>>> print(open('upload02.cif').read())   # mmCIF, C-alpha atoms and all ligand atoms
data_my_file
loop_
_atom_site.label_atom_id
_atom_site.label_comp_id
_atom_site.auth_asym_id
_atom_site.auth_seq_id
_atom_site.Cartn_x
_atom_site.Cartn_y
_atom_site.Cartn_z
CA MET A 1 -26.82 -2.42 3.28
CA ASN A 2 -27.58 -5.87 1.93
CA ALA A 3 -24.19 -7.39 2.73
CA PRO A 4 -22.79 -9.56 -0.03
CA ARG A 5 -22.39 -13.01 1.42
CA THR A 6 -18.82 -13.97 0.67
CA ALA A 7 -15.75 -11.80 0.50
CA LEU A 8 -12.52 -13.22 -0.86
CA VAL A 9 -9.42 -11.33 0.21
CA THR A 10 -6.14 -12.21 -1.48
CA GLY A 11 -3.13 -11.30 0.65
CA GLY A 12 -5.60 -10.89 3.47
CA ALA A 13 -3.19 -12.05 6.18
CA GLY A 14 -0.89 -9.06 5.62
CA PHE A 15 -0.77 -5.64 7.22
CA ILE A 16 -3.73 -4.12 5.41
CA GLY A 17 -5.68 -7.38 5.16
CA VAL A 18 -5.66 -7.93 8.91
CA ALA A 19 -6.86 -4.35 9.52
CA ILE A 20 -9.71 -4.53 7.04
CA ALA A 21 -10.83 -7.92 8.39
CA ARG A 22 -10.94 -6.47 11.90
CA ARG A 23 -12.96 -3.54 10.61
CA PHE A 24 -15.64 -5.19 8.51
CA ALA A 25 -15.30 -8.97 8.10
CA GLN A 26 -18.42 -9.32 10.23
CA THR A 27 -20.54 -7.66 7.54
CA PHE A 28 -20.12 -10.78 5.40
CA ASP A 29 -21.31 -14.33 6.00
CA ARG A 30 -17.90 -15.63 4.93
CA TRP A 31 -14.55 -13.84 4.83
CA VAL A 32 -12.11 -16.06 2.95
CA VAL A 33 -8.43 -15.15 2.88
CA LEU A 34 -6.05 -16.57 0.28
CA ASP A 35 -2.49 -15.83 1.38
CA SER A 36 0.84 -17.58 0.82
CA LEU A 37 2.20 -16.32 4.18
CA HIS A 38 5.22 -14.93 2.36
CA PRO A 39 8.38 -15.48 4.47
CA GLN A 40 9.51 -11.85 3.99
CA VAL A 41 6.32 -10.77 5.75
CA HIS A 42 5.41 -13.70 8.00
CA ALA A 43 8.56 -14.87 9.80
CA SER A 44 6.89 -17.77 11.60
CA GLY A 45 4.92 -18.96 8.58
CA GLU A 46 1.92 -19.27 10.85
CA ARG A 47 -1.51 -17.68 10.80
CA PRO A 48 -1.14 -14.18 12.25
CA ALA A 49 -2.68 -14.00 15.73
CA GLU A 50 -4.21 -10.62 14.79
CA LEU A 51 -6.28 -12.07 11.95
CA VAL A 52 -9.86 -12.20 13.23
CA ASP A 53 -11.18 -15.67 13.99
CA ALA A 54 -13.99 -15.22 11.48
CA ALA A 55 -11.48 -15.18 8.62
CA GLU A 56 -11.10 -18.55 6.89
CA LEU A 57 -7.43 -18.67 5.93
CA VAL A 58 -6.41 -20.72 2.91
CA VAL A 59 -2.64 -20.85 2.59
CA GLY A 60 -1.74 -20.73 -1.08
CA ASP A 61 -0.14 -18.74 -3.84
CA VAL A 62 -2.23 -16.57 -6.17
CA THR A 63 0.01 -17.56 -9.07
CA SER A 64 -1.01 -21.22 -8.81
CA ALA A 65 -3.93 -22.32 -11.00
CA ALA A 66 -4.27 -25.48 -8.88
CA VAL A 67 -4.63 -23.42 -5.69
CA TRP A 68 -7.38 -21.38 -7.32
CA ASP A 69 -9.24 -24.46 -8.60
CA GLU A 70 -9.23 -26.03 -5.16
CA LEU A 71 -10.35 -22.81 -3.49
CA LEU A 72 -13.12 -21.94 -5.92
CA ALA A 73 -14.59 -25.44 -5.72
CA GLY A 74 -15.95 -24.38 -2.32
CA VAL A 75 -16.11 -20.59 -2.40
CA LEU A 76 -18.34 -18.31 -4.48
CA PRO A 77 -16.94 -14.81 -3.94
CA GLU A 78 -19.25 -11.86 -4.47
CA VAL A 79 -16.74 -9.23 -3.42
CA VAL A 80 -13.02 -9.70 -4.09
CA ILE A 81 -10.46 -7.54 -2.36
CA HIS A 82 -7.15 -8.05 -4.14
CA LEU A 83 -4.20 -7.31 -1.86
CA ALA A 84 -1.73 -10.13 -2.56
CA ALA A 85 1.47 -8.64 -3.91
CA GLU A 86 5.21 -8.36 -3.74
CA THR A 87 5.58 -4.84 -2.39
CA GLY A 88 9.26 -3.82 -2.39
CA THR A 89 9.65 -0.61 -4.38
CA ALA A 90 13.46 -0.61 -4.40
CA GLN A 91 13.68 -4.40 -4.26
CA SER A 92 11.56 -4.65 -7.40
CA LEU A 93 14.36 -3.17 -9.52
CA ASP A 94 16.58 -6.14 -8.59
CA GLU A 95 13.81 -8.73 -8.52
CA ALA A 96 11.63 -7.64 -11.39
CA SER A 97 10.37 -11.07 -12.42
CA ARG A 98 9.37 -11.95 -8.89
CA HIS A 99 7.27 -8.79 -8.67
CA ALA A 100 5.76 -9.29 -12.13
CA GLU A 101 4.95 -12.93 -11.39
CA ALA A 102 3.12 -12.30 -8.12
CA ASN A 103 1.46 -9.01 -9.06
CA VAL A 104 0.65 -9.34 -12.75
CA VAL A 105 0.49 -13.10 -13.34
CA GLY A 106 -1.09 -13.54 -9.90
CA THR A 107 -3.90 -11.25 -11.05
CA THR A 108 -4.39 -12.93 -14.43
CA ARG A 109 -4.37 -16.41 -12.80
CA MET A 110 -7.13 -15.23 -10.48
CA LEU A 111 -9.21 -13.95 -13.40
CA ASP A 112 -8.65 -17.10 -15.48
CA ALA A 113 -9.76 -19.15 -12.48
CA PHE A 114 -12.95 -17.06 -12.16
CA THR A 115 -13.61 -17.73 -15.86
CA ARG A 116 -13.01 -21.51 -15.49
CA HIS A 117 -15.45 -21.59 -12.59
CA GLY A 118 -18.05 -19.31 -14.18
CA ILE A 119 -17.62 -16.69 -11.47
CA VAL A 120 -18.20 -12.98 -11.98
CA PRO A 121 -17.86 -11.17 -8.64
CA SER A 122 -20.19 -8.22 -8.23
CA GLN A 123 -17.22 -6.07 -7.23
CA ILE A 124 -13.44 -6.28 -7.26
CA VAL A 125 -11.46 -3.82 -5.14
CA LEU A 126 -7.78 -3.51 -6.02
CA SER A 127 -5.25 -2.20 -3.54
CA SER A 128 -3.13 -0.16 -5.93
CA SER A 129 -0.41 2.29 -5.08
CA ARG A 130 0.77 5.86 -5.40
CA ALA A 131 3.82 4.19 -7.00
CA VAL A 132 1.92 4.20 -10.32
CA TYR A 133 2.43 7.98 -10.51
CA GLY A 134 6.20 7.83 -10.26
CA GLU A 135 7.42 11.39 -9.89
CA GLY A 136 4.06 12.74 -10.99
CA ARG A 137 3.49 16.29 -12.20
CA TRP A 138 5.61 19.32 -11.43
CA SER A 139 4.75 22.90 -12.25
CA SER A 140 7.19 25.57 -13.41
CA GLU A 141 7.64 28.23 -10.73
CA GLU A 142 8.06 30.83 -13.49
CA THR A 143 5.27 30.03 -15.93
CA GLY A 144 3.04 27.63 -14.01
CA ALA A 145 3.32 25.17 -16.92
CA VAL A 146 2.85 21.58 -15.76
CA SER A 147 5.15 18.78 -16.95
CA TYR A 148 6.14 15.22 -16.12
CA PRO A 149 9.87 15.39 -15.40
CA GLY A 150 10.24 11.59 -15.17
CA GLN A 151 12.89 9.78 -13.20
CA ARG A 152 15.85 11.66 -11.78
CA THR A 153 19.14 10.58 -13.38
CA HIS A 154 22.14 9.19 -11.51
CA ALA A 155 24.10 12.26 -12.62
CA GLN A 156 21.50 14.53 -10.98
CA LEU A 157 21.43 12.48 -7.80
CA ASP A 158 25.23 12.13 -7.57
CA ALA A 159 25.43 15.93 -7.86
CA GLY A 160 22.94 16.32 -5.02
CA GLU A 161 20.36 17.91 -7.33
CA TRP A 162 17.44 16.43 -5.50
CA ASP A 163 14.67 18.62 -6.92
CA PHE A 164 13.76 19.54 -10.46
CA ALA A 165 15.20 23.04 -10.73
CA GLY A 166 12.63 25.82 -10.96
CA ALA A 167 9.66 23.52 -10.46
CA ALA A 168 7.35 22.54 -7.61
CA ALA A 169 5.62 19.18 -7.18
CA VAL A 170 1.87 19.01 -7.79
CA PRO A 171 -0.11 16.52 -5.65
CA SER A 172 -1.31 13.61 -7.78
CA SER A 173 -4.92 12.93 -8.57
CA ALA A 174 -6.34 9.87 -10.33
CA ALA A 175 -8.54 12.17 -12.39
CA SER A 176 -5.77 14.31 -13.79
CA THR A 177 -2.30 12.78 -13.24
CA VAL A 178 -1.14 10.37 -15.93
CA PRO A 179 0.70 7.44 -14.34
CA HIS A 180 4.45 7.24 -15.04
CA PRO A 181 5.84 4.58 -12.67
CA THR A 182 9.57 4.76 -11.91
CA SER A 183 9.84 1.39 -10.17
CA VAL A 184 9.09 -2.09 -11.45
CA TYR A 185 6.72 -2.41 -8.49
CA GLY A 186 4.82 0.69 -9.65
CA ALA A 187 4.68 -0.68 -13.19
CA THR A 188 3.23 -3.98 -11.94
CA LYS A 189 0.59 -2.15 -9.89
CA LEU A 190 -0.42 -0.17 -12.98
CA ALA A 191 -0.55 -3.42 -14.96
CA GLN A 192 -2.86 -4.88 -12.29
CA GLU A 193 -5.16 -1.87 -12.72
CA ASN A 194 -5.24 -2.22 -16.50
CA VAL A 195 -5.73 -5.99 -16.48
CA LEU A 196 -8.60 -5.73 -14.01
CA ALA A 197 -10.21 -2.83 -15.89
CA ALA A 198 -10.20 -4.84 -19.11
CA TRP A 199 -11.62 -7.97 -17.50
CA CYS A 200 -14.19 -6.25 -15.30
CA GLY A 201 -15.31 -4.05 -18.20
CA SER A 202 -16.04 -7.06 -20.36
CA ARG A 203 -17.80 -9.01 -17.58
CA ASP A 204 -19.86 -6.19 -16.05
CA ALA A 205 -18.09 -6.56 -12.73
CA ALA A 206 -17.69 -3.30 -10.81
CA LEU A 207 -14.06 -2.35 -10.22
CA THR A 208 -12.76 0.00 -7.56
CA VAL A 209 -9.07 0.85 -7.63
CA LEU A 210 -7.71 2.45 -4.47
CA ARG A 211 -4.32 4.07 -4.98
CA LEU A 212 -2.86 4.08 -1.50
CA GLN A 213 -0.18 6.47 -0.34
CA ASN A 214 2.34 5.31 2.35
CA VAL A 215 0.40 3.24 4.85
CA TYR A 216 1.77 2.92 8.39
CA GLY A 217 0.58 1.92 11.83
CA PRO A 218 0.23 -0.96 14.28
CA GLY A 219 0.53 -4.33 12.58
CA GLN A 220 3.05 -3.32 9.94
CA SER A 221 5.93 -5.69 9.39
CA LEU A 222 8.84 -5.22 11.76
CA ILE A 223 10.97 -7.72 9.88
CA ASN A 224 10.55 -6.65 6.26
CA SER A 225 13.48 -4.34 5.64
CA TYR A 226 12.24 -3.52 2.15
CA THR A 227 9.03 -1.78 3.15
CA GLY A 228 7.84 0.39 5.98
CA ILE A 229 10.12 3.37 6.57
CA VAL A 230 8.08 4.35 9.64
CA SER A 231 8.70 0.98 11.24
CA LEU A 232 12.39 1.08 10.33
CA PHE A 233 12.90 4.57 11.78
CA SER A 234 10.98 3.62 14.90
CA GLN A 235 13.21 0.66 15.58
CA LEU A 236 16.37 2.76 15.17
CA ALA A 237 15.08 5.53 17.46
CA ARG A 238 13.96 3.17 20.19
CA GLU A 239 17.49 1.70 20.22
CA GLY A 240 18.81 5.23 20.81
CA ALA A 241 20.33 5.64 17.33
CA SER A 242 20.25 8.82 15.26
CA ILE A 243 18.06 8.11 12.23
CA PRO A 244 19.92 8.52 8.90
CA VAL A 245 17.79 10.55 6.50
CA TYR A 246 18.34 10.24 2.74
CA GLU A 247 18.96 13.05 0.26
CA ASP A 248 18.53 16.41 2.02
CA GLY A 249 15.70 15.22 4.24
CA LEU A 250 13.06 16.87 2.09
CA ILE A 251 11.74 13.82 0.26
CA THR A 252 7.99 14.15 0.76
CA ARG A 253 5.40 11.44 1.37
CA ASP A 254 1.79 11.26 2.45
CA PHE A 255 1.70 8.95 5.47
CA VAL A 256 -1.77 7.56 5.98
CA PHE A 257 -2.71 5.66 9.11
CA ILE A 258 -3.78 2.03 8.76
CA GLU A 259 -7.23 2.54 10.34
CA ASP A 260 -7.97 5.30 7.84
CA VAL A 261 -7.01 2.94 5.02
CA ALA A 262 -9.24 0.20 6.45
CA SER A 263 -12.15 2.63 6.60
CA ALA A 264 -11.52 3.60 2.95
CA PHE A 265 -11.77 -0.07 1.93
CA GLU A 266 -14.97 -0.42 3.92
CA ALA A 267 -16.45 2.68 2.29
CA ALA A 268 -15.42 1.42 -1.15
CA VAL A 269 -17.13 -1.93 -0.59
CA LEU A 270 -20.25 -0.28 0.82
CA ALA A 271 -20.38 2.09 -2.16
CA GLY A 272 -20.40 -0.91 -4.47
CA GLY A 273 -18.13 0.42 -7.20
CA GLY A 274 -19.01 2.22 -10.41
CA ALA A 275 -19.97 0.15 -13.44
CA ASP A 276 -17.31 1.94 -15.48
CA GLY A 277 -14.62 1.40 -12.87
CA ARG A 278 -13.48 3.97 -10.41
CA THR A 279 -9.98 4.94 -9.34
CA LEU A 280 -9.51 6.88 -6.12
CA ASP A 281 -6.57 8.22 -4.13
CA VAL A 282 -6.27 7.26 -0.48
CA GLY A 283 -4.02 9.40 1.67
CA THR A 284 -4.33 12.28 4.09
CA GLY A 285 -3.99 14.91 1.37
CA ARG A 286 -1.06 16.39 3.33
CA GLY A 287 2.61 15.72 2.68
CA ALA A 288 5.30 15.32 5.32
CA THR A 289 9.03 15.37 4.71
CA ILE A 290 11.11 12.39 5.74
CA LEU A 291 13.02 14.70 8.08
CA GLN A 292 9.75 15.72 9.79
CA LEU A 293 8.83 12.07 10.17
CA ALA A 294 12.25 11.13 11.57
CA THR A 295 12.21 14.12 13.94
CA GLU A 296 8.77 13.20 15.32
CA ILE A 297 9.82 9.59 15.87
CA ALA A 298 13.16 10.56 17.46
CA ALA A 299 11.39 13.04 19.78
CA TYR A 300 8.91 10.37 20.87
CA HIS A 301 11.77 8.09 21.93
CA GLY A 302 14.05 10.79 23.28
CA ALA A 303 16.62 9.65 20.71
CA PRO A 304 19.34 11.90 19.23
CA ALA A 305 18.25 14.16 16.36
CA PRO A 306 18.17 12.53 12.92
CA HIS A 307 21.08 13.24 10.60
CA ILE A 308 21.04 13.96 6.87
CA CYS A 309 23.23 11.34 5.23
CA GLY A 310 22.96 12.50 1.61
CA ALA A 311 22.60 8.95 0.29
CA TYR A 312 19.86 8.12 -2.18
CA ARG A 313 18.02 5.01 -3.26
CA ASP A 314 17.28 3.98 -6.84
CA GLY A 315 13.60 4.16 -7.71
CA ASP A 316 12.74 6.63 -4.95
CA VAL A 317 10.68 9.55 -6.11
CA ARG A 318 11.24 12.98 -4.65
CA PHE A 319 7.60 13.72 -4.01
CA ALA A 320 4.53 11.60 -3.42
CA GLY A 321 1.29 13.18 -2.33
CA CYS A 322 -2.28 13.33 -3.52
CA THR A 323 -5.51 15.24 -3.36
CA ILE A 324 -8.36 13.35 -1.74
CA ASP A 325 -11.34 15.60 -2.58
CA GLU A 326 -12.74 13.15 -5.13
CA THR A 327 -12.35 10.19 -2.75
CA GLN A 328 -14.11 12.11 0.00
CA ARG A 329 -16.91 13.06 -2.37
CA VAL A 330 -17.42 9.60 -3.89
CA LEU A 331 -16.97 7.50 -0.76
CA GLY A 332 -18.09 9.94 1.94
CA TRP A 333 -14.82 8.99 3.64
CA SER A 334 -12.22 11.09 5.43
CA PRO A 335 -8.94 10.23 7.17
CA GLU A 336 -9.16 10.89 10.89
CA HIS A 337 -5.65 10.42 12.26
CA SER A 338 -2.90 13.04 12.30
CA LEU A 339 0.71 11.95 11.81
CA THR A 340 1.46 12.69 15.47
CA GLN A 341 -1.42 10.51 16.66
CA GLY A 342 -0.52 7.75 14.23
CA ILE A 343 3.15 7.73 15.18
CA ALA A 344 2.28 7.53 18.88
CA ALA A 345 -0.06 4.60 18.24
CA LEU A 346 2.60 2.81 16.21
CA GLN A 347 5.30 3.36 18.84
CA SER A 348 3.10 1.95 21.63
CA TRP A 349 2.39 -1.09 19.50
CA ILE A 350 6.09 -1.60 18.69
CA ASP A 351 6.93 -1.31 22.39
CA ALA A 352 4.34 -3.97 23.16
CA GLU A 353 5.66 -6.22 20.39
CA LEU A 354 9.37 -5.84 21.11
CA GLY A 355 9.44 -5.10 24.84
CA SER A 356 10.73 -1.96 26.55
CA PRO A 357 12.79 0.39 24.43
CA ALA A 358 16.49 0.80 25.19
CA LEU A 359 15.96 4.50 25.87
CA GLY A 360 13.53 5.78 28.46
CA ARG A 361 11.03 8.42 27.42
CA ALA A 362 10.66 11.65 29.31
N1 LIG B 401 1.49 -0.73 2.84
C1 LIG B 401 1.53 0.27 1.96
O1 LIG B 401 2.08 1.35 2.25
C2 LIG B 401 0.88 0.13 0.61
C3 LIG B 401 0.83 1.27 -0.21
C4 LIG B 401 0.25 1.14 -1.46
C5 LIG B 401 -0.27 -0.06 -1.87
N2 LIG B 401 -0.19 -1.14 -1.08
C6 LIG B 401 -0.74 -2.41 -1.60
O2 LIG B 401 -1.60 -2.97 -0.63
C7 LIG B 401 -1.54 -4.39 -0.70
C8 LIG B 401 -1.29 -4.98 0.67
O3 LIG B 401 -0.10 -4.43 1.17
P1 LIG B 401 0.37 -4.67 2.67
O4 LIG B 401 1.02 -3.42 3.11
O5 LIG B 401 -0.72 -5.26 3.49
O6 LIG B 401 1.52 -5.73 2.42
P2 LIG B 401 1.86 -7.08 3.21
O7 LIG B 401 3.14 -7.57 2.63
O8 LIG B 401 1.76 -6.90 4.67
O9 LIG B 401 0.66 -8.02 2.75
C9 LIG B 401 0.67 -8.67 1.51
C10 LIG B 401 0.18 -10.08 1.77
O10 LIG B 401 0.18 -10.76 0.52
C11 LIG B 401 0.71 -12.05 0.72
N3 LIG B 401 1.28 -12.50 -0.54
C12 LIG B 401 2.41 -12.03 -1.16
N4 LIG B 401 2.59 -12.70 -2.31
C13 LIG B 401 1.58 -13.59 -2.42
C14 LIG B 401 1.22 -14.57 -3.37
N5 LIG B 401 1.98 -14.77 -4.47
N6 LIG B 401 0.11 -15.31 -3.17
C15 LIG B 401 -0.66 -15.13 -2.06
N7 LIG B 401 -0.37 -14.22 -1.12
C16 LIG B 401 0.74 -13.46 -1.29
C17 LIG B 401 1.74 -11.91 1.82
O11 LIG B 401 1.95 -13.15 2.51
C18 LIG B 401 1.09 -10.86 2.71
O12 LIG B 401 0.32 -11.46 3.74
C19 LIG B 401 -0.49 -4.72 -1.73
O13 LIG B 401 -1.14 -4.99 -2.96
C20 LIG B 401 0.31 -3.45 -1.86
O14 LIG B 401 0.84 -3.32 -3.18
C21 LIG B 401 0.37 -1.08 0.16
#
>>> encode(input="upload02.cif", output="structure tokens", more="lines below")
Ligand SMILES: NC(=O)c1ccc[n+]([C@@H]2O[C@H](COP(=O)([O-])OP(=O)(O)OC[C@H]3O[C@@H](n4cnc5c(N)ncnc54)[C@H](O)[C@@H]3O)[C@@H](O)[C@H]2O)c1
Amino acid sequence: MNAPRTALVTGGAGFIGVAIARRFAQTFDRWVVLDSLHPQVHASGERPAELVDAAELVVGDVTSAAVWDELLAGVLPEVVIHLAAETGTAQSLDEASRHAEANVVGTTRMLDAFTRHGIVPSQIVLSSSRAVYGEGRWSSEETGAVSYPGQRTHAQLDAGEWDFAGAAAVPSSAASTVPHPTSVYGATKLAQENVLAAWCGSRDAALTVLRLQNVYGPGQSLINSYTGIVSLFSQLAREGASIPVYEDGLITRDFVFIEDVASAFEAAVLAGGGADGRTLDVGTGRGATILQLATEIAAYHGAPAPHICGAYRDGDVRFAGCTIDETQRVLGWSPEHSLTQGIAALQSWIDAELGSPALGRA
């Protein structure tokens, strides 16, 4: 390919940003990262050691017009990968403005800055989320009719009615599932998609929206208690604790390994993006229950079996999963890591980061 010369990656010092830089920063002449080094993600406030040397890190907030003006005085981005975001699904219900400010206003400030500086990137890639689907579609077990049941009520959850009676979840697909976010975070991610689609459509910039499922793997935050269930469970199990599992354990997610997500971003950039915008799901295409996840992690550490605690969390959906056929067809991409392989890789990395686990492994 004729590599575009400069990539600008907002939020590029975070979990996904570090992985994509490691994977393909070298295909650009410049790889510029704009990142505020958010204290909830970066405890030390310093440049992450894992961020490849080639990345030029500019510490700044995407919501600041002055930061953008200073940055764009010396950078002409041809490809923009927009990752910067507040990412707490449950947290976003209590801190709605904070999420809207960073995610929605952060995006519009970026676009206004491009306009002020006469910049139209050839492609913008947005890291969106499965959270835009909310609970997604469910199909009646009796008639097969598909409906959008919306958010579960407190009355349902307090009564332990975790599922929608008589219905089965249908994996989401960007082509056929209408987004219905049930968290403020999900709503801000959908707003990012819509804002970018409007701007890119009017400027002839190609837009690729990647709706990521639950990303996990080495490099994920070990200090951010609001994100990263795999990391949280791993830390409990390695301390020898029984992992508490919410609801009845059968909440379902599609856990996709970080390297598979990085390769999806690479494929999206190489593909160049469709002129009319393109929205693709990135996951494994296979769901796993939270109990399965907890059991695999506990077994790895030789920790006691997980226990069902029956608690629930506001904003959590019962089912999140997707089909990836379209993504595979359009990008020629496929995930390569099984959950078992991914969990093992994450545990080794956590051991290296935190020292020997309290429990020995068989
Ligand atoms: N990790 C997942 O499971 C997942 C799933 C779906 C979508 N996503 C999306 O992928 C993107 C990256 O997520 P991640 O997992 O790498 O998260 P992360 O928190 O590790 O990285 C986000 C980065 O953005 C930076 N940031 C936050 N607010 C900023 C601001 N106002 N200005 C500049 N930088 C700011 C943070 O310092 C951090 O380095 C996000 O847009 C997120 O919504 C992630």
>>> closest_residue(input="upload02.cif", among="A:Val256, A:Val215, A:Ile20, A:Ala159", to="Ala268 in chain A", atoms="all atoms listed in the file")
A:Ile20
>>> closest_atom_pairs(input="upload02.cif", of="chain A", to="ligand LIG 401 (chain B)", cutoff="7 Å", atoms="all atoms listed in the file", output="JSON lines")
{"residue": "A:Thr10", "atom": "CA", "partner": "B:LIG401", "partner_atom": "N7", "distance": 6.1}
{"residue": "A:Gly11", "atom": "CA", "partner": "B:LIG401", "partner_atom": "O10", "distance": 3.4}
{"residue": "A:Gly12", "atom": "CA", "partner": "B:LIG401", "partner_atom": "O12", "distance": 6.0}
{"residue": "A:Ala13", "atom": "CA", "partner": "B:LIG401", "partner_atom": "O12", "distance": 4.3}
{"residue": "A:Gly14", "atom": "CA", "partner": "B:LIG401", "partner_atom": "O12", "distance": 3.3}
{"residue": "A:Phe15", "atom": "CA", "partner": "B:LIG401", "partner_atom": "O5", "distance": 3.7}
{"residue": "A:Ile16", "atom": "CA", "partner": "B:LIG401", "partner_atom": "O5", "distance": 3.7}
{"residue": "A:Gly17", "atom": "CA", "partner": "B:LIG401", "partner_atom": "O5", "distance": 5.6}
{"residue": "A:Leu34", "atom": "CA", "partner": "B:LIG401", "partner_atom": "C15", "distance": 6.0}
{"residue": "A:Asp35", "atom": "CA", "partner": "B:LIG401", "partner_atom": "N7", "distance": 3.7}
{"residue": "A:Ser36", "atom": "CA", "partner": "B:LIG401", "partner_atom": "N7", "distance": 4.1}
{"residue": "A:Leu37", "atom": "CA", "partner": "B:LIG401", "partner_atom": "O11", "distance": 3.6}
{"residue": "A:His38", "atom": "CA", "partner": "B:LIG401", "partner_atom": "O11", "distance": 3.7}
{"residue": "A:Val41", "atom": "CA", "partner": "B:LIG401", "partner_atom": "O7", "distance": 5.5}
{"residue": "A:His42", "atom": "CA", "partner": "B:LIG401", "partner_atom": "O11", "distance": 6.5}
{"residue": "A:Gly60", "atom": "CA", "partner": "B:LIG401", "partner_atom": "C15", "distance": 5.8}
{"residue": "A:Asp61", "atom": "CA", "partner": "B:LIG401", "partner_atom": "N6", "distance": 3.5}
{"residue": "A:Val62", "atom": "CA", "partner": "B:LIG401", "partner_atom": "N6", "distance": 4.0}
{"residue": "A:Thr63", "atom": "CA", "partner": "B:LIG401", "partner_atom": "N5", "distance": 5.7}
{"residue": "A:His82", "atom": "CA", "partner": "B:LIG401", "partner_atom": "O13", "distance": 6.8}
{"residue": "A:Leu83", "atom": "CA", "partner": "B:LIG401", "partner_atom": "O13", "distance": 4.0}
{"residue": "A:Ala84", "atom": "CA", "partner": "B:LIG401", "partner_atom": "O10", "distance": 3.7}
{"residue": "A:Ala85", "atom": "CA", "partner": "B:LIG401", "partner_atom": "C12", "distance": 4.5}
{"residue": "A:Glu86", "atom": "CA", "partner": "B:LIG401", "partner_atom": "N4", "distance": 5.3}
{"residue": "A:Thr87", "atom": "CA", "partner": "B:LIG401", "partner_atom": "O14", "distance": 5.0}
{"residue": "A:Ala102", "atom": "CA", "partner": "B:LIG401", "partner_atom": "N5", "distance": 4.6}
{"residue": "A:Gly106", "atom": "CA", "partner": "B:LIG401", "partner_atom": "N5", "distance": 6.4}
{"residue": "A:Ser127", "atom": "CA", "partner": "B:LIG401", "partner_atom": "O2", "distance": 4.7}
{"residue": "A:Ser128", "atom": "CA", "partner": "B:LIG401", "partner_atom": "C5", "distance": 5.0}
{"residue": "A:Ser129", "atom": "CA", "partner": "B:LIG401", "partner_atom": "C4", "distance": 3.9}
{"residue": "A:Arg130", "atom": "CA", "partner": "B:LIG401", "partner_atom": "C4", "distance": 6.2}
{"residue": "A:Lys189", "atom": "CA", "partner": "B:LIG401", "partner_atom": "O14", "distance": 6.8}
{"residue": "A:Arg211", "atom": "CA", "partner": "B:LIG401", "partner_atom": "C4", "distance": 6.5}
{"residue": "A:Leu212", "atom": "CA", "partner": "B:LIG401", "partner_atom": "C4", "distance": 4.3}
{"residue": "A:Gln213", "atom": "CA", "partner": "B:LIG401", "partner_atom": "C3", "distance": 5.3}
{"residue": "A:Asn214", "atom": "CA", "partner": "B:LIG401", "partner_atom": "O1", "distance": 4.0}
{"residue": "A:Val215", "atom": "CA", "partner": "B:LIG401", "partner_atom": "O1", "distance": 3.6}
{"residue": "A:Tyr216", "atom": "CA", "partner": "B:LIG401", "partner_atom": "O1", "distance": 6.3}
{"residue": "A:Gln220", "atom": "CA", "partner": "B:LIG401", "partner_atom": "O8", "distance": 6.5}
{"residue": "A:Ser221", "atom": "CA", "partner": "B:LIG401", "partner_atom": "O8", "distance": 6.4}
{"residue": "A:Gly228", "atom": "CA", "partner": "B:LIG401", "partner_atom": "O1", "distance": 6.9}
>>> closest_residue(input="upload02.cif", among="A:Val52, A:Ala320, A:Val120, A:Val184", to="Asp204 in chain A", atoms="all atoms listed in the file")
A:Val120
>>> residues_around(input="upload02.cif", residues="Ile297 in chain A", least_positions_apart="5", cutoff="12 Å", atoms="only C-alpha atoms", output="ChimeraX atom specification")
/A:229-243,290-292,302-306,339-348,361
>>> write_last_selection(input="upload02.cif", atoms="C-alpha atoms", output="mmCIF file, keeping the file's coordinate frame")
data_model
loop_
_atom_site.group_PDB
_atom_site.id
_atom_site.type_symbol
_atom_site.label_atom_id
_atom_site.label_comp_id
_atom_site.auth_asym_id
_atom_site.auth_seq_id
_atom_site.Cartn_x
_atom_site.Cartn_y
_atom_site.Cartn_z
ATOM 1 C CA ILE A 229 10.120 3.370 6.570
ATOM 2 C CA VAL A 230 8.080 4.350 9.640
ATOM 3 C CA SER A 231 8.700 0.980 11.240
ATOM 4 C CA LEU A 232 12.390 1.080 10.330
ATOM 5 C CA PHE A 233 12.900 4.570 11.780
ATOM 6 C CA SER A 234 10.980 3.620 14.900
ATOM 7 C CA GLN A 235 13.210 0.660 15.580
ATOM 8 C CA LEU A 236 16.370 2.760 15.170
ATOM 9 C CA ALA A 237 15.080 5.530 17.460
ATOM 10 C CA ARG A 238 13.960 3.170 20.190
ATOM 11 C CA GLU A 239 17.490 1.700 20.220
ATOM 12 C CA GLY A 240 18.810 5.230 20.810
ATOM 13 C CA ALA A 241 20.330 5.640 17.330
ATOM 14 C CA SER A 242 20.250 8.820 15.260
ATOM 15 C CA ILE A 243 18.060 8.110 12.230
ATOM 16 C CA ILE A 290 11.110 12.390 5.740
ATOM 17 C CA LEU A 291 13.020 14.700 8.080
ATOM 18 C CA GLN A 292 9.750 15.720 9.790
ATOM 19 C CA GLY A 302 14.050 10.790 23.280
ATOM 20 C CA ALA A 303 16.620 9.650 20.710
ATOM 21 C CA PRO A 304 19.340 11.900 19.230
ATOM 22 C CA ALA A 305 18.250 14.160 16.360
ATOM 23 C CA PRO A 306 18.170 12.530 12.920
ATOM 24 C CA LEU A 339 0.710 11.950 11.810
ATOM 25 C CA THR A 340 1.460 12.690 15.470
ATOM 26 C CA GLN A 341 -1.420 10.510 16.660
ATOM 27 C CA GLY A 342 -0.520 7.750 14.230
ATOM 28 C CA ILE A 343 3.150 7.730 15.180
ATOM 29 C CA ALA A 344 2.280 7.530 18.880
ATOM 30 C CA ALA A 345 -0.060 4.600 18.240
ATOM 31 C CA LEU A 346 2.600 2.810 16.210
ATOM 32 C CA GLN A 347 5.300 3.360 18.840
ATOM 33 C CA SER A 348 3.100 1.950 21.630
ATOM 34 C CA ARG A 361 11.030 8.420 27.420
#
